[in-house]
Amino acid sequence: MKADPKNVLTGSHYLDGNYACAEGAIAAGCKFFGGYPITPSTEIAERVSQRFPLLGGVFIQMEDELASMASILGSSWGGVKSMSCTSGPGFSLMMENFGLGIMLETPCVLVNVQRGGPSTGLPTLPGQADMMQARWGSHGDYEVIALAPDSPQESFELVIHAFNLSEKYRMPVLVMTDECVGHMTEKVVIPPAEEIELLERKYTDKKPGEALPFEPTSDGVSPMIPIGKGHKFHITGLTHDYRGYPVINAETQEKNVRRLIDKVNMHADEIIWLEEKDVEDAEVVIMAYGISSRVIQPAVAKARKEGIKIGQIKMVTVWPFPEKRVRELAGKVKSLIMVEMNYGQVFLEMDRCAAGKCRTYLVGHAGGTVHNAVDVYNTIKEAVK
Amino acid sequence: MATAVKQKSDVILQYLRPHKKMPSVWCAGCGNGIIMSAIIRAVDKLGYSKDEVVMVSGIGCSSRMPIYLDFNALHTTHGRALGFATGVKFARPDLKVIVITGDGDALAIGGNHFIHACRRNIDITTILINNAIYGMTGGQGSPATPSGAFSTTTPYGNVEKHFEPCELARAAGATYVGRTTVYHATQMEKMIAGGLAHSGFAFIEAISNCQTYFGRLNRKGDAVAMIKSFKENAVMLGKAKKMSEEELEGKIVIGTLYRTEKTEFCDEYQRVIDSLQGGK
């Protein structure tokens, strides 16, 4: 279905990444936002608090991030597209109920405008060091989907995409932006509503009494059960059977957790979104995501100008990790480089998948600023040797 | 008389999940069953359909209740039921949202959520089962464990002071506050019905017995002895008002302690939405 024209600010705007996230949510039909102020994500909440009520949506400033995450799960089960945003310590606090969202297979979107950590760290400066927390931050075994916009324009687009993925795969989806993207003001072109494709939630077509909230299906995704329509479902964060009742044994645990993992893995090819450039004949491939994928451009351009066969992969999705593609490339290239604002989080995955078939390099630092192009260039020179 | 009893149990059975096998996880003699049946009778009396009731809970013995009741049920994380319920209520203001919680769930890990839900005066009826101990994890002290009382984590007697949940709720902004005990099942039913019919945050403290842990560790006897002690120590609010502080020592004041009308959160938000759209 198409976006509702009422929700789409069609036209060219001069917006920062945070405002663009808010506009993406509105265009996607999000009508509930529970959030808590935290730098550098707060402008998303501020924009939402101003824009949502105009369109019949609800913004609540909850008492903390624990409640924010809980509230969006509740409203999603109430049948409303829901979102929250946070940064730094707020992301840590949300991890408990993010896990509940995974366990209850609840569609919703969570934006993390990353700042430097650990702890209070650098509230006003960028980082990309929450990537492994995005992957593994809540206890237990599960798969996640995480997107990384590189600009305000992409923030708008990827929030919409995140809503679509969350409805399609019935799970929380993460948008991992950062302070640079969040506070960077650029041109954002919002298309007409009829050009914005939205995926609507799939509800069960079974009768009350027959529909199961976690029914096994061939595509691994159970249709949702609507509230207040006679189904009187029970859902729980405990390990549960298809009916949603707790069953505390190894056999049910296996089925429950497998479903959470399989539904992402079996659709990984469809979910993974890479933008590749000059990779075909490359001797070195440089990988990056979010703001870092833009920061590498001068160094890559200089290297190419000097005749270095360098290709690049911008990871629009970071999780699930493009394992297949990296394994393939590792057999062909001399080196793979990962550029990220941390000390090697997604790098570890790249290195694991390279499995010793090529050299791997990390251009990393602790955050607080973007990369120095010289560091990137020097690594390229080293990697091509 | 026999007919009357049968009719009551019919009402109860009608609200239990058809597919959920008994027995419950609760110990024999646990007060939770009395509270569950009071909720059923209150809902039945008000004529709500099972489908329009949503029960949200956190973690603990109390929070296992939604599994047995044939409502829309969300069993969530420890202390966070009210956050979850706030989202449900905003998504579906037409539904009747009940949060079932315990003294550990609501007053310790969920204390912040509790006071803020009271403050917002959102239309949620919260029933706090207060048995003064953590039952599910095996008898640890809670913020409602009285000073000096024994638990598995207060082996020398509780050195902390305890919360008075009703006073906390009222101070935080709840607009319907009542206390009752599992001995006073009929009063409990009326109080829950009153809370459900009330527009705003209704808080009911249901004093209950955990003979398995609190009773055993504090030599309070079995379930019957504990419930009898609630009967003996309970004082109706009207009478309590005429008693001195010394006379009220160790007593449980029961009744609807506070009630007022204030704008409800979802209604207020809707008014803002309407005014913004009307102005366009």
# chains A, B, ... in the order shown; residues from 1 in each chain; ligands from 1

$ select_by_dssp --residues "segment 9-174 of chain A" --states "strand (DSSP E or B)" --output "MDAnalysis selection string"
chainID A and resid 11:16 32:35 58:61 82:86 108:116 122:126 146:147 172:174

$ interface_residues --of "chain A" --to "chain B" --cutoff "10 Å" --atoms "only C-alpha atoms" --output "PyMOL selection string"
chain A and resi 31-34+52-60+62-82+96-97+99-101+104+209+226-238+243-246

$ residues_around --residues "Gln114 of chain A" --least-positions-apart "3" --cutoff "7 Å" --atoms "only C-alpha atoms" --output "number ranges by chain"
A: 87-88, 126-128, 130, 176-179

$ select_by_dssp --residues "segment 10-169 of chain A" --states "helix (DSSP H, G or I)" --output "MDAnalysis selection string"
chainID A and resid 17:27 42:51 53:55 65:77 88:103 131:136 152:169

$ atom_distance --atom1 "atom CA of Val374 of chain A" --atom2 "atom CA of Val295 of chain A"
10.8 Å

$ closest_residue --among "B:Lys242, B:Ala185, B:Ile109, B:Glu205" --to "Gly33 of chain B" --atoms "only C-alpha atoms"
B:Ala185

$ closest_residue --among "A:Arg115, A:Lys314, A:Lys2, A:Lys255" --to "Leu198 of chain A" --atoms "only C-alpha atoms"
A:Lys2

$ residues_around --residues "segment 335-349 of chain A" --least-positions-apart "4" --cutoff "6 Å" --atoms "only C-alpha atoms" --output "number ranges by chain"
A: 127-129, 284-288, 358-367, 383

$ residues_around --residues "Ile127 of chain B" --least-positions-apart "5" --cutoff "7 Å" --atoms "only C-alpha atoms" --output "short mmCIF file (atom, residue, chain, number, x, y, z; two decimals) with C-alpha atoms, in the first residue's frame"
data_model
loop_
_atom_site.label_atom_id
_atom_site.label_comp_id
_atom_site.auth_asym_id
_atom_site.auth_seq_id
_atom_site.Cartn_x
_atom_site.Cartn_y
_atom_site.Cartn_z
CA VAL B 99 -2.37 -4.26 35.49
CA ILE B 100 -1.73 -7.00 37.98
CA THR B 101 1.44 -6.62 39.98
CA PHE B 203 -4.93 1.68 42.52
CA ILE B 204 -6.00 -1.19 44.73
CA GLU B 205 -3.72 -2.74 47.29
CA ALA B 206 -4.85 -6.29 47.97
#

$ residues_around --residues "Arg259 of chain A" --least-positions-apart "5" --cutoff "12 Å" --atoms "only C-alpha atoms" --output "PyMOL selection string"
chain A and resi 102-105+141-143+169-171+214-222+239-242+252-254+264-266

$ closest_residue --among "A:Met224, A:Val316, A:Leu125, A:Leu174" --to "Lys206 of chain A" --atoms "only C-alpha atoms"
A:Met224

$ closest_residue --among "A:Val8, A:Ala20, A:Leu15, A:Val113" --to "Val175 of chain A" --atoms "only C-alpha atoms"
A:Val113

$ residues_around --residues "segment 215-219 of chain B" --least-positions-apart "4" --cutoff "12 Å" --atoms "only C-alpha atoms" --output "PyMOL selection string"
chain B and resi 29-30+131-133+135+138-141+145-158+208-211+223-227+229

$ atom_distance --atom1 "atom CA of Ser142 of chain B" --atom2 "atom CA of Asp105 of chain B"
9.1 Å

$ atom_distance --atom1 "atom CA of Gly102 of chain B" --atom2 "atom CA of Thr180 of chain B"
14.3 Å
